[in-house]
$ cat data28.txt   # compact mmCIF, C-alpha atoms
# COMPACT_ATOMS: atom_id res chain seq x y z
CA MET A 273 86.50 103.33 92.34
CA ILE A 274 88.53 105.18 95.00
CA ARG A 275 87.25 104.58 98.48
CA PRO A 276 86.52 107.67 100.58
CA LEU A 277 88.78 108.39 103.52
CA SER A 278 86.13 107.61 106.13
CA ALA A 279 85.91 104.02 104.91
CA VAL A 280 89.56 103.15 104.85
CA VAL A 281 91.46 104.86 107.69
CA PHE A 282 92.77 102.26 110.15
CA LEU A 283 94.57 102.48 113.48
CA LEU A 284 97.19 99.73 113.71
CA LEU A 285 97.53 98.63 117.31
CA GLY A 286 101.29 98.22 117.63
CA LEU A 287 102.60 95.55 115.26
CA ALA A 288 99.31 94.26 113.91
CA ALA A 289 99.83 90.82 112.39
CA SER A 290 96.39 90.53 110.82
CA SER A 291 93.44 92.67 109.84
CA SER A 292 91.51 91.45 112.87
CA GLU A 293 93.86 93.48 115.04
CA ALA A 294 92.98 96.73 113.28
CA GLN A 295 90.17 99.06 114.21
CA SER A 296 88.45 101.56 111.94
CA THR A 297 88.78 105.17 113.03
CA THR A 298 88.17 108.62 111.65
CA ALA A 299 89.51 110.47 114.70
CA VAL A 300 93.14 110.55 113.54
CA LYS A 301 94.00 113.42 111.22
CA PRO A 302 96.64 112.42 108.64
CA PRO A 303 99.55 114.74 107.83
CA GLU A 304 98.26 117.29 105.32
CA VAL A 305 99.97 117.42 101.94
CA THR A 306 100.33 120.86 100.34
CA VAL A 307 100.43 120.80 96.54
CA LEU A 308 102.77 123.48 95.20
CA GLN A 309 102.49 122.71 91.48
CA ASN A 310 99.91 120.62 89.65
CA SER A 311 100.38 120.85 85.89
CA PRO A 312 99.06 118.68 83.02
CA GLY A 313 101.01 115.69 81.75
CA GLN A 314 101.22 113.71 84.98
CA THR A 315 101.03 109.93 84.98
CA ASP A 316 97.69 108.58 86.15
CA GLY A 317 97.86 107.24 89.68
CA LEU A 318 97.93 108.02 93.38
CA ILE A 319 100.88 109.07 95.52
CA PHE A 320 102.35 106.78 98.17
CA ILE A 321 104.27 108.27 101.09
CA ALA A 322 105.04 107.37 104.70
CA PRO A 323 105.25 110.58 106.75
CA LYS A 324 107.44 110.51 109.87
CA GLY A 325 109.49 112.89 111.98
CA ALA A 326 112.01 114.66 109.77
CA GLY A 327 115.75 114.16 109.89
CA ILE A 328 118.28 111.42 110.55
CA GLY A 329 116.98 109.31 113.41
CA GLY A 330 113.39 110.26 112.68
CA GLY A 331 113.29 113.25 115.04
CA PRO A 332 110.43 113.72 117.48
CA GLN A 333 107.19 112.68 115.82
CA PRO A 334 105.24 115.90 115.14
CA GLY A 335 101.90 114.12 114.98
CA PRO A 336 100.33 111.00 113.43
CA VAL A 337 102.73 109.03 111.23
CA GLY A 338 102.32 106.04 108.94
CA PRO A 339 101.68 104.90 105.38
CA GLU A 340 99.49 107.32 103.44
CA ILE A 341 97.93 107.51 99.98
CA VAL A 342 96.98 110.90 98.49
CA ASP A 343 95.89 112.12 95.09
CA SER A 344 97.44 114.92 93.03
CA SER A 345 95.30 117.49 94.82
CA GLY A 346 96.65 116.38 98.18
CA ARG A 347 93.38 114.73 99.18
CA VAL A 348 93.94 111.79 101.54
CA ILE A 349 92.66 108.50 100.14
CA TRP A 350 94.00 106.17 102.85
CA PHE A 351 96.08 106.53 106.00
CA SER A 352 97.17 103.96 108.58
CA PRO A 353 98.53 105.62 111.74
CA VAL A 354 101.44 103.76 113.33
CA THR A 355 101.57 103.75 117.11
CA ASN A 356 103.93 102.75 119.94
CA GLY A 357 106.65 105.18 118.88
CA GLN A 358 107.19 103.45 115.55
CA VAL A 359 107.28 104.79 112.01
CA ALA A 360 106.70 103.34 108.54
CA ALA A 361 109.02 103.51 105.55
CA ASP A 362 109.14 102.50 101.88
CA PHE A 363 105.35 102.35 101.39
CA ARG A 364 104.56 101.24 97.85
CA VAL A 365 102.80 98.80 95.52
CA GLN A 366 104.61 95.57 94.71
CA SER A 367 103.62 92.16 93.35
CA TYR A 368 103.20 89.02 95.45
CA ARG A 369 101.97 85.71 94.05
CA GLY A 370 101.05 87.48 90.83
CA LYS A 371 98.83 90.11 92.46
CA PRO A 372 99.41 93.78 93.32
CA VAL A 373 99.89 94.33 97.06
CA LEU A 374 100.73 97.16 99.42
CA THR A 375 104.00 96.85 101.30
CA TRP A 376 105.84 98.83 103.94
CA ALA A 377 108.44 98.44 106.66
CA GLN A 378 107.71 99.45 110.23
CA GLN A 379 110.11 100.07 113.13
CA SER A 380 111.17 102.47 115.86
CA ASN A 381 114.25 104.69 115.63
CA PHE A 382 114.47 104.76 111.82
CA GLY A 383 118.00 105.83 110.93
CA LYS A 384 119.35 105.52 114.47
CA LEU A 385 120.20 101.82 114.02
CA ALA A 386 120.48 100.98 117.73
CA GLY A 387 117.56 98.94 118.98
CA ALA A 388 115.73 98.98 115.65
CA THR A 389 113.70 95.92 114.72
CA SER A 390 111.76 96.18 111.49
CA VAL A 391 108.66 94.16 110.66
CA ASN A 392 107.67 94.22 107.00
CA TYR A 393 104.00 94.14 106.01
CA ILE A 394 102.13 92.93 102.93
CA ALA A 395 98.48 93.96 102.51
CA ASP A 396 95.99 93.06 99.78
CA ASP A 397 93.79 95.42 97.78
CA THR A 398 91.23 95.49 100.61
CA TYR A 399 93.93 96.78 103.01
CA HIS A 400 94.04 93.51 104.97
CA ILE A 401 97.49 92.38 106.09
CA ILE A 402 98.16 89.00 104.48
CA ALA A 403 101.81 88.43 105.43
CA THR A 404 104.61 89.78 107.59
CA VAL A 405 108.32 89.31 107.03
CA ARG A 406 111.03 89.40 109.67
CA ALA A 407 114.74 88.75 109.44
CA GLY A 408 115.95 85.29 110.47
CA ASN A 409 118.98 83.67 112.04
CA GLY A 410 118.73 85.80 115.16
CA LEU A 411 119.13 89.10 113.28
CA ASN A 412 116.83 92.12 113.12
CA ALA A 413 115.67 93.65 109.86
CA ASP A 414 116.02 97.36 109.18
CA ALA A 415 113.46 99.50 107.33
CA HIS A 416 115.75 100.81 104.57
CA GLU A 417 114.63 98.12 102.10
CA PHE A 418 111.77 95.65 101.71
CA LEU A 419 111.84 94.35 98.14
CA LEU A 420 109.63 91.52 96.89
CA THR A 421 111.02 89.37 94.09
CA PRO A 422 109.29 87.34 91.34
CA GLN A 423 110.38 84.20 93.19
CA GLY A 424 108.10 84.91 96.17
CA THR A 425 110.99 86.05 98.34
CA ALA A 426 111.80 89.32 100.07
CA LEU A 427 115.11 91.16 100.28
CA VAL A 428 115.71 93.08 103.52
CA THR A 429 118.52 95.16 104.99
CA ILE A 430 120.09 94.41 108.37
CA TYR A 431 122.38 96.34 110.72
CA ASN A 432 124.20 94.31 113.35
CA VAL A 433 126.95 95.33 115.79
CA VAL A 434 130.06 93.13 115.70
CA THR A 435 133.59 93.54 117.01
CA ALA A 436 136.36 94.25 114.50
CA ASP A 437 140.00 95.32 114.33
CA LEU A 438 139.99 98.97 113.25
CA SER A 439 143.69 99.61 113.67
CA SER A 440 144.15 99.77 109.89
CA VAL A 441 141.90 102.85 109.78
CA GLY A 442 143.09 104.53 112.95
CA GLY A 443 140.83 102.81 115.45
CA SER A 444 141.39 100.25 118.18
CA LYS A 445 142.07 96.56 117.63
CA SER A 446 138.79 95.60 119.22
CA ALA A 447 135.96 98.03 118.48
CA PRO A 448 132.20 97.83 117.77
CA VAL A 449 131.19 98.19 114.13
CA TRP A 450 127.79 98.30 112.45
CA GLU A 451 128.06 95.54 109.87
CA GLY A 452 125.79 95.88 106.86
CA SER A 453 123.99 92.69 105.92
CA ILE A 454 121.15 91.53 103.70
CA GLN A 455 118.87 88.52 103.71
CA GLU A 456 116.64 86.96 101.10
CA ILE A 457 113.67 85.37 102.84
CA ASP A 458 110.95 83.07 101.56
CA VAL A 459 107.79 85.02 102.39
CA ALA A 460 105.55 81.97 102.82
CA THR A 461 107.82 80.06 105.21
CA GLY A 462 110.10 82.75 106.70
CA LYS A 463 113.13 80.67 105.75
CA VAL A 464 116.36 82.55 105.02
CA ILE A 465 117.65 81.38 101.64
CA PHE A 466 120.52 83.85 101.20
CA GLU A 467 122.52 85.93 103.65
CA TRP A 468 125.36 88.36 103.03
CA HIS A 469 127.65 90.25 105.43
CA SER A 470 129.78 93.25 104.50
CA LEU A 471 132.85 92.60 106.67
CA GLY A 472 135.38 90.59 104.71
CA LYS A 473 133.84 91.68 101.41
CA VAL A 474 133.75 95.48 101.77
CA GLY A 475 136.92 96.89 103.28
CA LEU A 476 136.94 99.27 106.21
CA ASP A 477 139.20 101.50 104.14
CA GLU A 478 136.38 102.05 101.62
CA SER A 479 134.42 104.17 104.09
CA TYR A 480 134.18 107.95 103.99
CA TRP A 481 132.46 108.04 107.38
CA PRO A 482 134.58 109.24 110.33
CA LEU A 483 135.27 107.01 113.30
CA PRO A 484 133.00 107.86 116.26
CA GLU A 485 134.38 110.25 118.85
CA SER A 486 133.07 108.10 121.67
CA PRO A 487 135.21 104.95 122.06
CA GLY A 488 132.18 102.83 122.94
CA ALA A 489 130.06 103.89 119.97
CA ALA A 490 129.73 101.54 117.00
CA TRP A 491 131.12 102.78 113.67
CA ASP A 492 128.57 102.78 110.84
CA TYR A 493 131.21 102.25 108.19
CA ILE A 494 129.02 101.14 105.26
CA HIS A 495 125.34 102.06 105.86
CA ILE A 496 123.43 99.94 103.36
CA ASN A 497 120.33 101.82 102.21
CA GLY A 498 119.05 99.95 99.18
CA ILE A 499 118.85 96.58 97.43
CA ALA A 500 117.75 96.08 93.84
CA LEU A 501 117.71 93.30 91.25
CA ASP A 502 120.06 93.55 88.31
CA ASP A 503 118.81 92.46 84.90
CA ASP A 504 120.71 89.17 85.24
CA GLY A 505 119.12 88.32 88.59
CA ASN A 506 122.06 89.36 90.72
CA LEU A 507 121.86 92.12 93.33
CA LEU A 508 122.71 95.80 93.43
CA LEU A 509 123.58 97.14 96.86
CA SER A 510 123.70 100.87 97.63
CA ALA A 511 126.05 101.82 100.47
CA ARG A 512 125.83 105.41 101.58
CA HIS A 513 128.99 105.69 103.68
CA THR A 514 131.26 104.26 100.99
CA SER A 515 129.53 106.21 98.17
CA THR A 516 129.52 102.95 96.24
CA VAL A 517 127.06 100.72 94.42
CA TYR A 518 128.07 97.05 94.66
CA LYS A 519 126.95 94.29 92.34
CA LEU A 520 126.74 91.02 94.30
CA ASP A 521 126.50 87.44 93.11
CA ARG A 522 123.10 86.35 94.43
CA HIS A 523 124.34 82.81 95.14
CA THR A 524 127.90 83.21 96.41
CA GLY A 525 127.78 86.76 97.78
CA ALA A 526 130.96 87.70 95.91
CA VAL A 527 131.35 91.32 94.87
CA ILE A 528 131.21 91.28 91.06
CA TRP A 529 132.01 94.99 90.69
CA ARG A 530 132.05 98.34 92.43
CA LEU A 531 130.67 101.55 90.95
CA GLY A 532 131.89 104.75 92.58
CA GLY A 533 133.79 105.20 95.81
CA LYS A 534 137.47 104.58 96.53
CA LYS A 535 137.76 101.26 94.67
CA SER A 536 135.51 101.71 91.66
CA ASN A 537 135.90 99.17 88.86
CA PHE A 538 134.54 101.79 86.48
CA SER A 539 136.10 105.05 85.44
CA LEU A 540 133.49 107.74 85.94
CA GLY A 541 133.14 110.33 83.18
CA PRO A 542 132.41 114.06 83.54
CA ASP A 543 129.77 114.76 86.22
CA ALA A 544 129.18 111.02 86.69
CA ALA A 545 130.64 110.82 90.20
CA PHE A 546 128.07 110.53 93.01
CA SER A 547 128.23 110.82 96.79
CA PHE A 548 126.24 109.40 99.73
CA GLN A 549 123.58 108.10 97.36
CA HIS A 550 120.29 106.23 97.79
CA ASP A 551 118.02 104.03 95.67
CA ALA A 552 120.39 102.68 93.02
CA VAL A 553 118.41 100.55 90.53
CA MET A 554 118.71 99.28 86.97
CA ALA A 555 116.99 101.56 84.45
CA GLY A 556 117.64 99.70 81.21
CA PRO A 557 120.43 97.63 79.66
CA ASN A 558 123.70 98.58 81.40
CA THR A 559 121.99 101.70 82.76
CA ILE A 560 121.69 102.54 86.44
CA ARG A 561 119.59 105.27 88.05
CA ILE A 562 120.71 106.78 91.37
CA PHE A 563 119.35 109.33 93.82
CA ASP A 564 122.56 111.29 94.31
CA ASN A 565 122.39 113.10 97.66
CA GLU A 566 125.80 114.83 97.39
CA VAL A 567 125.77 115.84 101.06
CA ASN A 568 126.63 114.04 104.31
CA PRO A 569 126.77 116.32 106.23
CA LYS A 570 128.79 118.85 104.20
CA PRO A 571 127.75 119.36 100.57
CA VAL A 572 129.92 117.81 97.90
CA ARG A 573 127.85 119.46 95.18
CA PRO A 574 125.57 122.46 95.84
CA TRP A 575 122.39 120.36 95.52
CA SER A 576 121.08 116.83 95.16
CA ARG A 577 120.01 115.23 91.89
CA VAL A 578 118.80 112.07 90.16
CA ILE A 579 121.28 110.67 87.66
CA TRP A 580 121.33 107.99 84.97
CA LEU A 581 124.69 106.35 84.28
CA LYS A 582 125.47 104.22 81.21
CA LEU A 583 127.93 101.44 82.03
CA ASP A 584 130.32 99.99 79.46
CA PRO A 585 131.27 96.57 80.90
CA SER A 586 134.13 96.11 78.42
CA ALA A 587 135.74 99.54 78.67
CA LYS A 588 134.83 99.77 82.38
CA THR A 589 133.46 103.30 82.03
CA ALA A 590 130.37 105.00 83.45
CA THR A 591 128.93 107.94 81.53
CA LEU A 592 126.32 110.42 82.72
CA ILE A 593 123.45 110.37 80.22
CA ARG A 594 120.74 112.23 82.14
CA SER A 595 120.30 114.28 85.30
CA LEU A 596 117.37 115.85 87.18
CA ASP A 597 117.41 118.35 90.01
CA HIS A 598 114.67 120.29 91.76
CA PRO A 599 114.14 123.91 90.58
CA ASP A 600 114.57 124.95 94.23
CA HIS A 601 117.99 123.24 94.26
CA LEU A 602 117.27 121.00 97.25
CA SER A 603 120.24 119.65 99.18
CA VAL A 604 119.01 116.38 100.68
CA LEU A 605 120.98 115.30 103.74
CA SER A 606 119.24 111.95 104.05
CA GLN A 607 116.87 109.60 102.20
CA GLY A 608 115.49 109.96 98.67
CA SER A 609 114.14 107.93 95.74
CA ALA A 610 113.37 108.05 92.03
CA GLN A 611 110.74 106.00 90.18
CA PRO A 612 110.19 105.58 86.43
CA LEU A 613 106.57 106.02 85.36
CA GLU A 614 104.76 104.35 82.49
CA ASN A 615 104.57 107.48 80.29
CA GLY A 616 108.30 108.23 80.56
CA ASN A 617 107.97 110.59 83.52
CA THR A 618 109.98 110.28 86.73
CA PHE A 619 108.61 110.56 90.25
CA VAL A 620 111.13 111.76 92.82
CA GLY A 621 111.00 111.63 96.61
CA TRP A 622 113.31 114.28 98.05
CA GLY A 623 113.70 112.64 101.44
CA GLU A 624 114.43 114.88 104.41
CA PRO A 625 112.93 118.12 102.99
CA GLY A 626 109.57 116.32 102.81
CA ARG A 627 109.09 117.18 99.13
CA PHE A 628 108.05 114.92 96.25
CA SER A 629 107.82 115.83 92.57
CA GLU A 630 107.05 114.51 89.10
CA PHE A 631 109.13 115.39 86.03
CA ASP A 632 108.15 114.80 82.42
CA SER A 633 110.42 113.05 79.94
CA SER A 634 112.08 116.35 78.99
CA GLY A 635 113.02 117.04 82.61
CA ARG A 636 110.35 119.69 83.28
CA MET A 637 108.79 119.56 86.76
CA ILE A 638 105.00 119.19 86.40
CA PHE A 639 104.03 118.27 89.96
CA ASP A 640 105.43 119.28 93.34
CA ALA A 641 104.14 118.81 96.87
CA THR A 642 105.35 118.99 100.44
CA LEU A 643 104.57 117.54 103.84
CA PRO A 644 104.06 119.84 106.84
CA LYS A 645 107.10 121.18 108.67
CA GLY A 646 108.61 118.51 110.89
CA TYR A 647 107.69 115.61 108.58
CA ASP A 648 109.57 113.80 105.85
CA THR A 649 109.12 110.56 103.88
CA TYR A 650 111.96 108.12 103.22
CA ARG A 651 110.76 107.41 99.69
CA ALA A 652 107.78 108.54 97.56
CA TYR A 653 106.03 106.83 94.66
CA ARG A 654 103.10 107.08 92.25
CA PHE A 655 101.03 103.98 91.38
CA ARG A 656 97.66 103.10 89.91
CA TRP A 657 95.54 101.98 92.86
CA PRO A 658 93.32 100.05 93.40
CA PRO A 659 94.68 97.53 90.87
CA ASP A 660 91.50 97.66 88.74
CA ARG A 661 91.53 101.45 88.55
CA LYS A 662 91.22 102.68 84.96

$ encode --input "data28.txt" --output "structure tokens"
Amino acid sequence: MIRPLSAVVFLLLGLAASSSEAQSTTAVKPPEVTVLQNSPGQTDGLIFIAPKGAGIGGGPQPGPVGPEIVDSSGRVIWFSPVTNGQVAADFRVQSYRGKPVLTWAQQSNFGKLAGATSVNYIADDTYHIIATVRAGNGLNADAHEFLLTPQGTALVTIYNVVTADLSSVGGSKSAPVWEGSIQEIDVATGKVIFEWHSLGKVGLDESYWPLPESPGAAWDYIHINGIALDDDGNLLLSARHTSTVYKLDRHTGAVIWRLGGKKSNFSLGPDAAFSFQHDAVMAGPNTIRIFDNEVNPKPVRPWSRVIWLKLDPSAKTATLIRSLDHPDHLSVLSQGSAQPLENGNTFVGWGEPGRFSEFDSSGRMIFDATLPKGYDTYRAYRFRWPPDRK
């Protein structure tokens, strides 16, 4: 049974660490979703978004922001307003200790990097927060990824300013750089069990991002925006500013291969090249699915798309086997996601435009919706919820 809105809207007071710190409220009006297309054939389930101020850096917040669940008619099922100038990102259903849970990341200044400290939340099917995850070893997590694993751990992204010699790429010998890092953290204890840093493993010369004009500004040379598990248990890392997907050894941190970018280990076939991508995940044996933005800030292709690439590990080739784009030919400057659904459909979050859509297995769009002007959602998903929903 779906709970009515009046029973399940909560106001989180800052960084609430437990359900006792939340208060029920019906005074906050959630961002209204406008459904533009609602055709038969959709996968059963509700839609999970996290509205926030649109654009890189989050923009000024146009109104209440936070994790939100809606149905295919745009009716709000649950909304948790985030306060204190923060926003939520990557709101979805995952599994923890064998049970479905709600998860999201929460921080200020999403996309701006400087001063961002993300706290990651896990809530049960009664909307009570049962765990929080923070980065360890003196580092601050970033909201681009919060992925729970079958081992009871969480993978998080981290941005940290360090000093590096940029003379090889036209910079100074001692300059600030945003290093991209990841941690795997035991959720129960908070212990860091794996940590990886980009400098020394991903070259400065791999970046397509220009050096900052201000000499004191840190260079965001890699911009990690996604972590996923490969079928063999190793990690896939999406790096926007190198236009590369990296496969990492989960134990040693060594780069096993690069897909795309300046140093690709795979030869990319016709239309298989991608640029400034997000959300690179495995989609079957030797198959990877990518939200291909194709713009940052100038378009590489006229519009963004979702692509499936078939990798041949022996021949070292990558072949485009499927592609989806929005009928309105959206060019997505930032953010984006794609999710496989149980009936073969694909649910796509279009990032900065604030749109999210469902496509059937033949590539026909059967659902489309948008947030109000001034809002976007980093990713968008569809899940059955609550877990016992038939």

$ atom_distance --input "data28.txt" --atom1 "CA of His598 (chain A)" --atom2 "CA of Met637 (chain A)"
7.8 Å

$ atom_distance --input "data28.txt" --atom1 "CA of Ser609 (chain A)" --atom2 "CA of Phe563 (chain A)"
5.7 Å

$ atom_distance --input "data28.txt" --atom1 "CA of Phe628 (chain A)" --atom2 "CA of Glu417 (chain A)"
19.0 Å

$ axis_aligned_box --input "data28.txt" --around "region 595-605 of chain A" --padding-each-side "8 Å" --output "lines of an AutoDock Vina configuration file"
center_x = 117.6
center_y = 119.6
center_z = 94.5
size_x = 22.8
size_y = 26.7
size_z = 34.4

$ residues_around --input "data28.txt" --residues "Gly623 (chain A)" --least-positions-apart "2" --cutoff "6 Å" --atoms "only C-alpha atoms" --output "ChimeraX atom specification"
/A:607-608,621,625-626,649-650

$ closest_residue --input "data28.txt" --among "A:Pro353, A:Gly313, A:Gly462, A:Pro448" --to "Ala403 (chain A)" --atoms "only C-alpha atoms"
A:Gly462

$ residues_around --input "data28.txt" --residues "Trp468 (chain A)" --least-positions-apart "3" --cutoff "10 Å" --atoms "all atoms listed in the file" --output "MDAnalysis selection string"
chainID A and resid 429:430 452:456 471 473 520 522:526

$ closest_residue --input "data28.txt" --among "A:Leu427, A:Val337, A:Leu501, A:Ala544" --to "Glu566 (chain A)" --atoms "all atoms listed in the file"
A:Ala544

$ residues_near_point --input "data28.txt" --point "(117.0, 93.3, 108.5)" --cutoff "7 Å" --atoms "all atoms listed in the file" --output "number ranges by chain"
A: 390, 407, 411-414, 428-431, 454

$ residues_around --input "data28.txt" --residues "Val572 (chain A)" --least-positions-apart "6" --cutoff "12 Å" --atoms "all atoms listed in the file" --output "PyMOL selection string"
chain A and resi 515+545-549+564-566+603-605

$ closest_residue --input "data28.txt" --among "A:Lys371, A:Pro487, A:Val441, A:Ala360" --to "Val391 (chain A)" --atoms "all atoms listed in the file"
A:Ala360

$ closest_residue --input "data28.txt" --among "A:Arg594, A:Arg654, A:Lys445, A:His495" --to "Gly635 (chain A)" --atoms "all atoms listed in the file"
A:Arg594

$ residues_near_point --input "data28.txt" --point "(95.6, 105.2, 95.6)" --cutoff "12 Å" --atoms "all atoms listed in the file" --output "PyMOL selection string"
chain A and resi 273-277+280+316-321+339-344+346-351+363-365+373-374+397-399+653-662

$ closest_residue --input "data28.txt" --among "A:Val517, A:Leu613, A:Ile496, A:Val300" --to "Asn432 (chain A)" --atoms "all atoms listed in the file"
A:Ile496

$ closest_residue --input "data28.txt" --among "A:Thr461, A:Thr591, A:Asn497, A:Gln379" --to "Arg512 (chain A)" --atoms "all atoms listed in the file"
A:Asn497

$ residues_around --input "data28.txt" --residues "Thr425 (chain A)" --least-positions-apart "3" --cutoff "7 Å" --atoms "all atoms listed in the file" --output "ChimeraX atom specification"
/A:420-421,456-459

$ write_last_selection --input "data28.txt" --atoms "C-alpha atoms" --output "PDB file, in the frame of the given file"
ATOM      1  CA  LEU A 420     109.630  91.520  96.890  1.00  0.00           C
ATOM      2  CA  THR A 421     111.020  89.370  94.090  1.00  0.00           C
ATOM      3  CA  GLU A 456     116.640  86.960 101.100  1.00  0.00           C
ATOM      4  CA  ILE A 457     113.670  85.370 102.840  1.00  0.00           C
ATOM      5  CA  ASP A 458     110.950  83.070 101.560  1.00  0.00           C
ATOM      6  CA  VAL A 459     107.790  85.020 102.390  1.00  0.00           C
TER       7      VAL A 459
END

$ decode --input "data28.txt" --residues "region 414-428 of chain A" --atoms "N, CA and C atoms" --output "PDB file, in the first residue's frame"
ATOM      1  N   ASP A 414      32.101  13.284  -1.462  1.00  0.00           N
ATOM      2  CA  ASP A 414      31.389  14.123  -2.426  1.00  0.00           C
ATOM      3  C   ASP A 414      30.144  13.358  -2.864  1.00  0.00           C
ATOM      4  N   ALA A 415      29.103  14.078  -3.273  1.00  0.00           N
ATOM      5  CA  ALA A 415      27.794  13.462  -3.513  1.00  0.00           C
ATOM      6  C   ALA A 415      27.640  12.801  -4.875  1.00  0.00           C
ATOM      7  N   HIS A 416      28.688  12.745  -5.693  1.00  0.00           N
ATOM      8  CA  HIS A 416      28.528  12.163  -7.028  1.00  0.00           C
ATOM      9  C   HIS A 416      28.221  10.666  -6.998  1.00  0.00           C
ATOM     10  N   GLU A 417      28.655   9.955  -5.961  1.00  0.00           N
ATOM     11  CA  GLU A 417      28.390   8.515  -5.914  1.00  0.00           C
ATOM     12  C   GLU A 417      28.275   8.050  -4.476  1.00  0.00           C
ATOM     13  N   PHE A 418      27.254   7.226  -4.221  1.00  0.00           N
ATOM     14  CA  PHE A 418      27.101   6.500  -2.964  1.00  0.00           C
ATOM     15  C   PHE A 418      26.531   5.138  -3.323  1.00  0.00           C
ATOM     16  N   LEU A 419      27.429   4.164  -3.479  1.00  0.00           N
ATOM     17  CA  LEU A 419      27.062   2.842  -3.983  1.00  0.00           C
ATOM     18  C   LEU A 419      27.280   1.806  -2.894  1.00  0.00           C
ATOM     19  N   LEU A 420      26.205   1.098  -2.520  1.00  0.00           N
ATOM     20  CA  LEU A 420      26.315  -0.004  -1.576  1.00  0.00           C
ATOM     21  C   LEU A 420      26.684  -1.280  -2.317  1.00  0.00           C
ATOM     22  N   THR A 421      27.526  -2.103  -1.686  1.00  0.00           N
ATOM     23  CA  THR A 421      27.976  -3.341  -2.304  1.00  0.00           C
ATOM     24  C   THR A 421      27.388  -4.543  -1.549  1.00  0.00           C
ATOM     25  N   PRO A 422      27.421  -5.732  -2.157  1.00  0.00           N
ATOM     26  CA  PRO A 422      26.937  -6.930  -1.460  1.00  0.00           C
ATOM     27  C   PRO A 422      27.737  -7.274  -0.214  1.00  0.00           C
ATOM     28  N   GLN A 423      28.926  -6.708  -0.068  1.00  0.00           N
ATOM     29  CA  GLN A 423      29.781  -6.991   1.071  1.00  0.00           C
ATOM     30  C   GLN A 423      29.480  -6.099   2.285  1.00  0.00           C
ATOM     31  N   GLY A 424      28.432  -5.289   2.205  1.00  0.00           N
ATOM     32  CA  GLY A 424      28.108  -4.404   3.321  1.00  0.00           C
ATOM     33  C   GLY A 424      28.989  -3.177   3.379  1.00  0.00           C
ATOM     34  N   THR A 425      29.585  -2.827   2.263  1.00  0.00           N
ATOM     35  CA  THR A 425      30.438  -1.648   2.186  1.00  0.00           C
ATOM     36  C   THR A 425      29.789  -0.604   1.284  1.00  0.00           C
ATOM     37  N   ALA A 426      30.348   0.592   1.314  1.00  0.00           N
ATOM     38  CA  ALA A 426      29.878   1.677   0.457  1.00  0.00           C
ATOM     39  C   ALA A 426      31.055   2.263  -0.295  1.00  0.00           C
ATOM     40  N   LEU A 427      30.834   2.575  -1.564  1.00  0.00           N
ATOM     41  CA  LEU A 427      31.832   3.247  -2.398  1.00  0.00           C
ATOM     42  C   LEU A 427      31.426   4.705  -2.546  1.00  0.00           C
ATOM     43  N   VAL A 428      32.349   5.614  -2.255  1.00  0.00           N
ATOM     44  CA  VAL A 428      32.060   7.047  -2.319  1.00  0.00           C
ATOM     45  C   VAL A 428      33.154   7.758  -3.102  1.00  0.00           C
TER      46      VAL A 428
END
